[in-house]
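Structure file input-v9.txt; described as compact mmCIF, C-alpha atoms and all ligand atoms.
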# COMPACT_ATOMS: atom_id res chain seq x y z
CA MET T 7 153.96 137.17 -57.01
CA GLU T 8 151.93 136.15 -53.99
CA LYS T 9 152.14 132.61 -52.64
CA TRP T 10 148.70 131.66 -53.98
CA GLN T 11 149.61 132.91 -57.43
CA LYS T 12 152.70 130.74 -57.37
CA SER T 13 150.58 127.72 -56.36
CA LEU T 14 148.24 128.45 -59.24
CA ALA T 15 151.20 128.62 -61.62
CA ASP T 16 152.46 125.30 -60.21
CA SER T 17 149.12 123.57 -60.86
CA ILE T 18 148.94 120.81 -63.42
CA ASP T 19 146.79 121.33 -66.50
CA SER T 20 147.45 118.37 -68.75
CA PRO T 21 146.79 114.65 -68.27
CA VAL T 22 150.43 113.80 -69.08
CA GLN T 23 151.42 115.38 -65.78
CA LEU T 24 149.33 112.74 -64.00
CA ALA T 25 151.12 109.89 -65.70
CA GLY T 26 154.27 110.28 -63.64
CA ARG T 27 152.39 109.94 -60.36
CA PHE T 28 149.63 107.49 -61.13
CA ASN T 29 149.37 104.38 -63.17
CA LEU T 30 146.89 105.24 -65.89
CA ASP T 31 146.48 105.59 -69.65
CA VAL T 32 146.30 109.33 -70.23
CA GLU T 33 145.83 109.12 -74.00
CA PRO T 34 141.97 109.06 -73.93
CA LEU T 35 141.98 112.13 -71.68
CA ARG T 36 143.65 114.43 -74.20
CA SER T 37 140.49 115.03 -76.23
CA VAL T 38 138.49 115.63 -73.05
CA VAL T 39 140.86 118.39 -71.98
CA ALA T 40 140.74 119.92 -75.47
CA ARG T 41 137.03 120.47 -74.87
CA TYR T 42 136.84 121.06 -71.09
CA PRO T 43 139.94 122.47 -69.39
CA MET T 44 141.76 120.77 -66.55
CA ARG T 45 143.57 122.36 -63.63
CA ILE T 46 144.53 120.77 -60.33
CA THR T 47 146.33 122.80 -57.68
CA PRO T 48 149.24 121.26 -55.72
CA HIS T 49 147.04 121.28 -52.61
CA TYR T 50 144.11 119.48 -54.24
CA LEU T 51 146.46 117.01 -55.97
CA SER T 52 147.96 116.17 -52.58
CA LEU T 53 144.51 115.06 -51.35
CA ILE T 54 144.28 112.25 -53.92
CA GLU T 55 145.08 108.94 -52.26
CA GLU T 56 144.41 106.63 -55.20
CA VAL T 57 143.10 106.54 -58.75
CA GLY T 58 139.30 106.88 -58.79
CA ASP T 59 138.88 108.08 -55.21
CA PRO T 60 136.38 110.89 -54.37
CA ILE T 61 138.99 113.62 -54.85
CA TRP T 62 140.25 112.13 -58.10
CA GLN T 63 136.77 111.87 -59.58
CA GLN T 64 136.08 115.53 -58.95
CA CYS T 65 139.16 116.86 -60.75
CA VAL T 66 140.55 114.31 -63.23
CA PRO T 67 138.98 114.36 -66.72
CA ASP T 68 136.88 111.36 -67.75
CA PRO T 69 136.10 110.22 -71.33
CA ARG T 70 132.40 110.02 -70.40
CA GLU T 71 132.35 113.85 -70.39
CA LEU T 72 132.38 113.75 -74.19
CA THR T 73 129.53 111.29 -74.71
CA ASP T 74 126.87 112.97 -72.57
CA THR T 75 124.10 114.53 -74.64
CA GLN T 76 122.40 116.93 -72.21
CA GLN T 77 122.10 120.66 -72.90
CA ALA T 78 125.04 122.97 -72.23
CA ASP T 79 122.89 125.58 -70.44
CA PRO T 80 119.75 123.83 -69.14
CA LEU T 81 119.06 126.58 -66.58
CA ASN T 82 118.85 129.14 -69.39
CA GLU T 83 121.37 131.41 -67.71
CA GLN T 84 122.20 132.94 -71.09
CA GLY T 85 118.56 133.82 -71.70
CA LEU T 86 118.20 135.40 -68.26
CA SER T 87 121.20 137.68 -68.74
CA PRO T 88 120.28 141.36 -69.22
CA VAL T 89 123.94 142.44 -69.51
CA PRO T 90 126.99 140.22 -70.14
CA GLY T 91 128.05 138.40 -66.98
CA LEU T 92 124.84 139.03 -65.02
CA ILE T 93 122.01 136.53 -64.38
CA HIS T 94 118.72 137.99 -63.19
CA ARG T 95 116.26 135.20 -62.43
CA TYR T 96 114.64 136.16 -59.13
CA PRO T 97 113.09 139.57 -58.40
CA ASP T 98 115.39 140.76 -55.62
CA ARG T 99 118.76 139.17 -56.33
CA VAL T 100 121.26 138.65 -59.13
CA VAL T 101 124.28 136.47 -59.83
CA TRP T 102 127.29 138.34 -61.17
CA LEU T 103 129.86 136.18 -62.95
CA VAL T 104 133.09 138.04 -62.28
CA SER T 105 135.56 135.40 -63.44
CA SER T 106 135.72 132.44 -65.81
CA GLN T 107 138.79 130.94 -64.16
CA CYS T 108 138.90 128.39 -61.34
CA ALA T 109 141.72 127.00 -59.22
CA VAL T 110 140.52 123.46 -59.95
CA TYR T 111 138.14 122.73 -62.83
CA CYS T 112 135.54 120.49 -61.24
CA ARG T 113 134.44 117.88 -63.73
CA PHE T 114 130.79 118.21 -62.63
CA CYS T 115 130.63 122.01 -62.97
CA MET T 116 127.17 123.42 -63.81
CA ARG T 117 128.90 126.16 -65.86
CA LYS T 118 131.04 123.68 -67.75
CA ARG T 119 130.00 125.43 -70.95
CA GLY T 120 132.13 128.43 -70.12
CA VAL T 121 134.60 127.97 -67.27
CA GLY T 122 138.20 128.29 -68.33
CA CYS T 123 137.44 130.34 -71.44
CA GLY T 124 136.87 134.06 -71.50
CA CYS T 125 133.23 133.86 -72.52
CA LEU T 126 131.34 133.42 -69.26
CA HIS T 127 132.10 136.46 -67.19
CA SER T 128 131.95 140.21 -67.49
CA ALA T 129 135.41 141.55 -68.28
CA ARG T 130 136.75 144.43 -66.21
CA GLY T 131 135.71 146.84 -68.96
CA ASP T 132 132.09 145.65 -68.64
CA HIS T 133 131.85 146.18 -64.88
CA ALA T 134 130.38 149.66 -65.31
CA ALA T 135 127.50 148.23 -67.38
CA VAL T 136 126.71 145.61 -64.72
CA LEU T 137 126.83 148.19 -61.92
CA ALA T 138 124.60 150.52 -63.96
CA TYR T 139 122.02 147.73 -64.41
CA ILE T 140 122.00 146.99 -60.68
CA ALA T 141 121.76 150.71 -59.88
CA ASP T 142 118.81 151.06 -62.30
CA ASN T 143 116.90 148.18 -60.67
CA PRO T 144 116.11 149.19 -57.09
CA GLN T 145 114.42 145.85 -56.35
CA ILE T 146 117.88 144.19 -56.35
CA ARG T 147 118.98 143.96 -52.71
CA ASP T 148 121.26 140.91 -52.88
CA VAL T 149 124.21 140.44 -55.26
CA ILE T 150 125.97 137.09 -55.53
CA LEU T 151 129.49 137.12 -56.95
CA SER T 152 130.18 133.87 -58.74
CA GLY T 153 131.89 132.55 -61.83
CA GLY T 154 134.19 130.77 -62.24
CA GLU T 155 135.95 131.71 -59.09
CA PRO T 156 135.59 135.27 -57.76
CA LEU T 157 138.57 134.86 -55.44
CA LEU T 158 140.94 134.25 -58.35
CA LEU T 159 140.62 137.96 -59.04
CA ASP T 160 143.39 140.10 -57.64
CA ASP T 161 142.67 141.87 -54.37
CA GLU T 162 142.52 145.25 -56.14
CA VAL T 163 139.93 144.15 -58.71
CA LEU T 164 137.81 142.49 -56.04
CA ASP T 165 137.95 145.62 -53.90
CA GLU T 166 136.94 147.71 -56.90
CA ILE T 167 133.89 145.49 -57.54
CA LEU T 168 132.81 145.49 -53.90
CA THR T 169 133.32 149.25 -53.60
CA GLY T 170 131.21 149.75 -56.74
CA LEU T 171 128.41 147.64 -55.27
CA ARG T 172 128.54 149.40 -51.91
CA LYS T 173 127.92 152.75 -53.65
CA ILE T 174 124.48 151.42 -54.64
CA HIS T 175 122.29 152.07 -51.61
CA HIS T 176 119.60 149.48 -52.34
CA VAL T 177 122.14 146.62 -52.34
CA ASP T 178 121.77 145.26 -48.79
CA ILE T 179 123.85 142.14 -48.87
CA ILE T 180 126.67 140.79 -50.98
CA ARG T 181 127.47 137.11 -51.22
CA ILE T 182 130.58 135.49 -52.64
CA GLY T 183 130.52 131.87 -53.81
CA THR T 184 133.96 130.31 -53.67
CA ARG T 185 135.67 126.94 -53.72
CA VAL T 186 139.20 128.16 -52.88
CA PRO T 187 139.20 127.09 -49.21
CA ALA T 188 138.93 123.53 -50.57
CA THR T 189 141.15 123.85 -53.63
CA LEU T 190 143.60 126.74 -53.05
CA PRO T 191 143.39 127.58 -49.35
CA GLU T 192 146.49 129.80 -49.47
CA ARG T 193 144.33 132.33 -51.38
CA ILE T 194 142.64 133.27 -48.10
CA THR T 195 145.17 135.80 -46.84
CA HIS T 196 145.01 138.37 -44.05
CA ARG T 197 145.06 141.06 -46.72
CA LEU T 198 142.06 139.56 -48.52
CA CYS T 199 140.14 139.31 -45.24
CA ARG T 200 140.93 142.95 -44.44
CA ILE T 201 139.41 143.95 -47.79
CA LEU T 202 136.34 141.75 -47.46
CA ARG T 203 135.49 142.94 -43.96
CA GLN T 204 135.22 146.53 -45.23
CA HIS T 205 132.18 145.57 -47.28
CA HIS T 206 129.87 144.03 -44.69
CA PRO T 207 127.19 142.71 -44.62
CA LEU T 208 129.05 140.16 -46.74
CA TYR T 209 128.41 136.42 -46.74
CA VAL T 210 130.65 133.74 -48.17
CA ASN T 211 129.28 130.44 -49.40
CA LEU T 212 131.91 127.74 -49.70
CA HIS T 213 131.85 124.56 -51.71
CA PHE T 214 133.04 121.42 -49.95
CA ASN T 215 131.84 118.07 -51.31
CA HIS T 216 133.71 115.48 -49.27
CA PRO T 217 135.02 115.21 -45.69
CA ARG T 218 138.55 114.65 -47.04
CA GLU T 219 138.50 118.19 -48.47
CA ILE T 220 138.44 119.52 -44.91
CA THR T 221 142.11 119.61 -43.92
CA PRO T 222 144.11 121.68 -41.42
CA VAL T 223 144.94 124.27 -44.11
CA SER T 224 141.37 124.55 -45.41
CA SER T 225 140.15 124.82 -41.80
CA ARG T 226 142.59 127.66 -41.22
CA ALA T 227 141.33 129.44 -44.37
CA CYS T 228 137.78 129.18 -43.03
CA ALA T 229 138.89 130.44 -39.61
CA LEU T 230 140.45 133.55 -41.18
CA LEU T 231 137.19 134.33 -42.99
CA ALA T 232 135.05 133.64 -39.92
CA ASP T 233 137.34 135.80 -37.76
CA ALA T 234 136.74 138.63 -40.25
CA GLY T 235 133.09 138.44 -39.17
CA ILE T 236 131.93 136.76 -42.37
CA PRO T 237 129.09 134.24 -41.94
CA LEU T 238 130.11 131.08 -43.79
CA GLY T 239 127.73 128.74 -45.58
CA ASN T 240 128.38 125.70 -47.72
CA GLN T 241 126.91 124.43 -50.96
CA THR T 242 127.53 120.78 -51.74
CA VAL T 243 126.81 119.11 -55.06
CA LEU T 244 125.40 115.59 -54.74
CA LEU T 245 127.77 113.46 -56.81
CA SER T 246 127.55 109.80 -57.68
CA GLY T 247 130.56 107.88 -56.34
CA VAL T 248 131.78 110.90 -54.35
CA ASN T 249 129.26 111.75 -51.66
CA ASP T 250 125.99 109.96 -52.52
CA ASP T 251 126.02 108.18 -49.19
CA PRO T 252 124.19 109.19 -45.99
CA GLU T 253 127.18 108.47 -43.73
CA VAL T 254 129.65 110.41 -45.90
CA MET T 255 127.25 113.33 -46.10
CA LYS T 256 126.60 113.31 -42.35
CA THR T 257 130.34 113.36 -41.65
CA LEU T 258 130.81 116.23 -44.11
CA MET T 259 128.05 118.32 -42.51
CA GLN T 260 129.36 117.67 -38.99
CA ARG T 261 132.93 118.59 -39.94
CA LEU T 262 131.73 121.77 -41.64
CA LEU T 263 130.01 122.87 -38.44
CA ALA T 264 133.23 122.13 -36.54
CA ILE T 265 135.04 124.72 -38.71
CA ARG T 266 132.20 127.28 -38.29
CA VAL T 267 130.63 126.65 -41.68
CA ARG T 268 126.85 126.28 -41.76
CA PRO T 269 125.54 123.85 -44.42
CA TYR T 270 123.20 125.78 -46.77
CA TYR T 271 122.39 123.68 -49.84
CA ILE T 272 122.83 120.18 -51.19
CA HIS T 273 122.31 120.57 -54.92
CA GLN T 274 120.84 117.89 -57.11
CA MET T 275 123.11 117.75 -60.18
CA ASP T 276 121.88 120.01 -62.95
CA LEU T 277 121.24 118.35 -66.32
CA VAL T 278 124.40 119.88 -67.78
CA GLN T 279 126.17 118.40 -70.77
CA GLY T 280 129.34 116.53 -69.87
CA THR T 281 128.37 115.73 -66.28
CA GLY T 282 125.92 112.82 -66.67
CA HIS T 283 128.16 110.25 -65.00
CA PHE T 284 127.84 112.13 -61.69
CA ARG T 285 124.05 112.16 -61.62
CA THR T 286 122.17 110.41 -58.79
CA PRO T 287 118.47 109.53 -58.49
CA VAL T 288 116.41 112.06 -56.52
CA ALA T 289 115.49 109.26 -54.08
CA GLN T 290 119.16 109.13 -53.06
CA GLY T 291 119.12 112.80 -52.12
CA ILE T 292 115.96 112.29 -50.10
CA ALA T 293 117.54 109.29 -48.33
CA ILE T 294 120.49 111.51 -47.40
CA MET T 295 118.18 114.13 -45.91
CA GLU T 296 116.37 111.37 -44.02
CA GLY T 297 119.74 110.33 -42.58
CA LEU T 298 120.44 113.83 -41.26
CA ARG T 299 117.22 115.11 -39.67
CA GLY T 300 116.99 113.98 -36.07
CA HIS T 301 120.13 111.87 -36.32
CA THR T 302 122.51 114.79 -35.89
CA SER T 303 122.48 118.52 -35.07
CA GLY T 304 119.63 120.37 -36.75
CA MET T 305 122.26 122.87 -37.86
CA ALA T 306 123.88 120.13 -39.93
CA ASN T 307 120.77 120.01 -42.16
CA PRO T 308 121.02 122.00 -45.37
CA TYR T 309 118.21 122.29 -47.91
CA TYR T 310 118.27 119.66 -50.62
CA VAL T 311 117.29 121.54 -53.78
CA ILE T 312 116.61 120.91 -57.43
CA ASP T 313 117.28 123.87 -59.68
CA LEU T 314 114.43 123.58 -62.19
CA PRO T 315 115.22 123.36 -65.90
CA GLY T 316 114.79 126.60 -67.79
CA GLY T 317 115.82 128.70 -64.79
CA LYS T 318 112.40 128.32 -63.14
CA GLY T 319 113.85 128.41 -59.63
CA LYS T 320 115.24 126.21 -56.84
CA VAL T 321 112.78 123.89 -55.10
CA PRO T 322 113.54 122.17 -51.76
CA LEU T 323 112.76 118.47 -51.34
CA LEU T 324 112.09 116.66 -48.08
CA PRO T 325 111.31 113.08 -47.13
CA ASP T 326 107.52 112.58 -46.82
CA TYR T 327 107.07 113.35 -43.13
CA VAL T 328 103.54 114.72 -43.45
CA LYS T 329 100.22 112.96 -44.09
CA ARG T 330 96.90 114.82 -43.73
CA ARG T 331 93.53 113.37 -43.01
CA GLY T 332 90.75 115.91 -42.42
CA GLY T 333 91.92 118.34 -39.75
CA LYS T 334 94.54 115.93 -38.54
CA PHE T 335 98.20 115.70 -39.37
CA PHE T 336 100.08 112.44 -39.11
CA LEU T 337 103.75 113.27 -38.76
CA ARG T 338 106.53 110.75 -39.04
CA ASN T 339 109.56 111.28 -36.80
CA PHE T 340 113.22 110.36 -37.39
CA ARG T 341 112.69 106.95 -35.76
CA GLY T 342 109.99 106.13 -38.32
CA LYS T 343 107.14 106.49 -35.83
CA THR T 344 103.99 108.32 -36.93
CA ILE T 345 102.46 110.69 -34.37
CA GLU T 346 99.06 112.37 -34.63
CA TYR T 347 98.99 116.16 -34.39
CA ARG T 348 95.70 118.02 -34.14
CA ASP T 349 95.73 121.41 -35.83
CA ILE T 350 93.61 124.33 -34.55
CA GLU T 351 90.48 125.18 -36.53
CA LYS T 352 91.10 128.68 -37.71
CA GLY T 353 91.44 130.27 -41.13
CA LEU T 354 94.75 131.64 -42.33
CA SER T 355 95.25 135.32 -41.77
CA THR T 356 95.93 136.99 -45.07
CA PRO T 357 97.37 140.46 -45.43
C1 LIG W 1 120.77 129.91 -56.84
C2 LIG W 1 120.55 131.19 -57.51
C3 LIG W 1 120.32 132.36 -56.78
C4 LIG W 1 120.33 132.41 -55.26
O1 LIG W 1 119.35 131.63 -54.71
P1 LIG W 1 119.16 131.62 -53.12
O2 LIG W 1 118.12 130.57 -52.93
O3 LIG W 1 118.73 132.99 -52.73
O4 LIG W 1 120.48 131.26 -52.51
C5 LIG W 1 120.06 133.51 -57.48
N1 LIG W 1 120.04 133.55 -58.82
C6 LIG W 1 120.29 132.44 -59.55
C7 LIG W 1 120.29 132.55 -61.03
C8 LIG W 1 120.55 131.23 -58.92
O5 LIG W 1 120.83 130.14 -59.64
S1 LIG W 2 134.93 125.92 -58.64
FE1 LIG W 2 132.74 126.16 -59.08
S2 LIG W 2 132.67 127.29 -61.02
FE2 LIG W 2 134.75 126.46 -60.80
S3 LIG W 2 134.74 124.50 -61.87
FE3 LIG W 2 134.29 124.08 -59.72
S4 LIG W 2 132.04 124.09 -59.62
FE4 LIG W 2 132.61 125.12 -61.54
Is it possible to express this structure as structure tokens?
Ligand SMILES: *Cc1c(COP(=O)(O)O)cnc(C)c1O
Ligand code: SF4
Amino acid sequence: MEKWQKSLADSIDSPVQLAGRFNLDVEPLRSVVARYPMRITPHYLSLIEEVGDPIWQQCVPDPRELTDTQQADPLNEQGLSPVPGLIHRYPDRVVWLVSSQCAVYCRFCMRKRGVGCGCLHSARGDHAAVLAYIADNPQIRDVILSGGEPLLLDDEVLDEILTGLRKIHHVDIIRIGTRVPATLPERITHRLCRILRQHHPLYVNLHFNHPREITPVSSRACALLADAGIPLGNQTVLLSGVNDDPEVMKTLMQRLLAIRVRPYYIHQMDLVQGTGHFRTPVAQGIAIMEGLRGHTSGMANPYYVIDLPGGKGKVPLLPDYVKRRGGKFFLRNFRGKTIEYRDIEKGLSTP
């Protein structure tokens, strides 16, 4: 057994195991876990400083998960799935759910309907069907491995998937979405990096939500990936009580850059059943973006996106910097000053 597999086996998966460490009534949490699984790795557990802190809220079950009445699959991922485990929403790219398991079950997960059970992902026996679909659709040039957690697959299975994709000539880039550098950093081994680097161009998008998730061990995991020549991005979920604060978000984005991770998206919470207590008003997301642009490195600015209900696509939102009057633009800068900008008078060139 590898070290990361031992850590996974040593994770806690029932509320009773919290009772010894923290002062709380675990009884109401039992029914939550019966519906939505719990797992907290030793590493992630060690980041909790007190009951209710930003780390706690992300991983410890909450009775409010059972009273939320939103839809289980508001993005219609099921309906957009041509073969089990594959989501084909946009013309040139697909999401391939290769695992239903995660190192830590985030309480706000957008795939809460399926993580932890066997029903979300394509099993190993179905991989041929997924690869055949991608091979039959030459417009697909970008494949995103997601789940669940792709990096909970064994090295051999992962290599098999990547090798299968690389045999399809029209697949240009492969992306892997993973949260293990934050939750199970020991999973990023030299061996894993040696496998990944054989399948370039490969991008990895990480998932850090709070500056306290960036520790010396998670930084080292990111360094191993970056040293394997893998461009690293980050997708953050905007979470009430965790990171819905311009200063916290600015610190997170700055620390990500310091470990060679480029912020990519801040996601508005999807309207997923069981996650309502994390939702923030859109105005809060816009205020966070306002707090970044101009106030810190441009590279620390991700896109703030809403993933439209029904799987209609991601849309970026910005503070209202632009006002138009006739041929003139009035543009507001980061200090709140509006400056006039005169456009040239020329039609758009159309192909
Ligand atoms: C987010 C998403 C993608 C990737 O979108 P990008 O903007 O290219 O990162 C692709 N397919 C689905 C279904 C998605 O939800
Ligand atoms: S790691 Fe990702 S897929 Fe897994 S529970 Fe967290 S948000 Fe969901």
Problem set entry | All residues 9 Å or closer to T:Arg203, only C-alpha atoms, same chain fewer than 2 positions away omitted, as a list of chain:residue names | T:Leu198, T:Cys199, T:Arg200, T:Ile201, T:His205, T:His206, T:Pro207, T:Leu208, T:Leu231, T:Ala234, T:Gly235, T:Ile236
Store the residues picked out above, limited to C-alpha atoms, as a PDB file, in the coordinates of the input.
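selection.pdb written:
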ATOM      1  CA  LEU T 198     142.060 139.560 -48.520  1.00  0.00           C
ATOM      2  CA  CYS T 199     140.140 139.310 -45.240  1.00  0.00           C
ATOM      3  CA  ARG T 200     140.930 142.950 -44.440  1.00  0.00           C
ATOM      4  CA  ILE T 201     139.410 143.950 -47.790  1.00  0.00           C
ATOM      5  CA  HIS T 205     132.180 145.570 -47.280  1.00  0.00           C
ATOM      6  CA  HIS T 206     129.870 144.030 -44.690  1.00  0.00           C
ATOM      7  CA  PRO T 207     127.190 142.710 -44.620  1.00  0.00           C
ATOM      8  CA  LEU T 208     129.050 140.160 -46.740  1.00  0.00           C
ATOM      9  CA  LEU T 231     137.190 134.330 -42.990  1.00  0.00           C
ATOM     10  CA  ALA T 234     136.740 138.630 -40.250  1.00  0.00           C
ATOM     11  CA  GLY T 235     133.090 138.440 -39.170  1.00  0.00           C
ATOM     12  CA  ILE T 236     131.930 136.760 -42.370  1.00  0.00           C
TER      13      ILE T 236
END
Problem set entry | Selected residue, from T:Arg99, T:Arg130, T:Arg261, T:Arg341, that lies nearest to ligand LIG 1 (chain W) when counting all atoms listed in the file |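 Between T:Arg99, T:Arg130, T:Arg261, T:Arg341, the residue approaching ligand LIG 1 (chain W) most closely is T:Arg99.
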Report the centre and edge lengths, in Å to one decimal, of an axis-aligned box enclosing every atom of ligand LIG 2 (chain W) listed in the file, padded by 4 Å on each side, as JSON.
{"center_x": 133.5, "center_y": 125.7, "center_z": -60.3, "size_x": 10.9, "size_y": 11.2, "size_z": 11.2}
For this session: Could you give me, as a PyMOL selection string, the residues within 8 Å of T:Gly153, counting all atoms listed in the file and dropping anything in the same chain fewer than 3 positions from it?
Result: chain T and resi 102-107+121+126-127+156
Problem set entry | Which of T:Phe340, T:Tyr42, T:Tyr96, T:Tyr111 sits closest to ligand LIG 1 (chain W) [using all atoms listed in the file] |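 Counting all atoms listed in the file, the residue closest to ligand LIG 1 (chain W) is T:Tyr96.
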For this session: Write out as a list in words the residues lying within 12 Å of T:Ile292, counting all atoms listed in the file and excluding same-chain residues fewer than 6 positions away.
Result: Leu244, Asp250, Asp251, Pro252, Ile272, His273, Gln274, Thr286, Leu298, Arg299, Pro308, Tyr309, Tyr310, Val311, Ile312, Pro322, Leu323, Leu324, Pro325, Asp326 and Tyr327 of chain T
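Relative to atom CA of T:Lys9, atom CA of T:Glu56 is found at 27.2 Å.
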Excluding same-chain residues fewer than 4 positions from T:Glu166, what lies within 12 Å of it counting all atoms listed in the file, as a tab-separated table (two decimals) with C-alpha atoms, in the frame of the given file?
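This is the output file selection_37.tsv:
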chain	number	residue	atom	x	y	z
T	104	VAL	CA	133.09	138.04	-62.28
T	130	ARG	CA	136.75	144.43	-66.21
T	133	HIS	CA	131.85	146.18	-64.88
T	134	ALA	CA	130.38	149.66	-65.31
T	137	LEU	CA	126.83	148.19	-61.92
T	159	LEU	CA	140.62	137.96	-59.04
T	160	ASP	CA	143.39	140.10	-57.64
T	161	ASP	CA	142.67	141.87	-54.37
T	162	GLU	CA	142.52	145.25	-56.14
T	170	GLY	CA	131.21	149.75	-56.74
T	171	LEU	CA	128.41	147.64	-55.27
T	172	ARG	CA	128.54	149.40	-51.91
T	173	LYS	CA	127.92	152.75	-53.65
T	201	ILE	CA	139.41	143.95	-47.79
T	202	LEU	CA	136.34	141.75	-47.46
T	204	GLN	CA	135.22	146.53	-45.23
T	205	HIS	CA	132.18	145.57	-47.28
For this session: Take the point (130.8, 109.9, -45.2) as written in the file and pick out every residue within 12 Å of it, counting only C-alpha atoms; give the list as a ChimeraX atom specification.
Result: /T:60,215-219,247-261,294,297-298
Exercise. Counting all atoms listed in the file, what residues are within 7 Å of ligand LIG 2 (chain W), given as a list in words?
Worked result: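 Final answer, ordered by chain and number: Gln107, Cys108, Ala109, Val110, Tyr111, Cys112, Arg113, Phe114, Cys115, Met116, Arg117, Lys118, Val121, Gly153, Gly154, Glu155, Thr184 and Arg185 of chain T.
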Problem set entry | Which of T:Asp276, T:Asp313, T:Asp132, T:Asp16 sits closest to ligand LIG 1 (chain W) [using only C-alpha atoms and all ligand atoms] | T:Asp313
For this session: For each of T:Arg193, T:His301, T:His283, T:Arg147, take the minimum atom-to-atom distance to ligand LIG 1 (chain W), counting only C-alpha atoms and all ligand atoms, then give the residue where this is smallest.
Result: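 Ranked by minimum distance to ligand LIG 1 (chain W), first place goes to T:Arg147.
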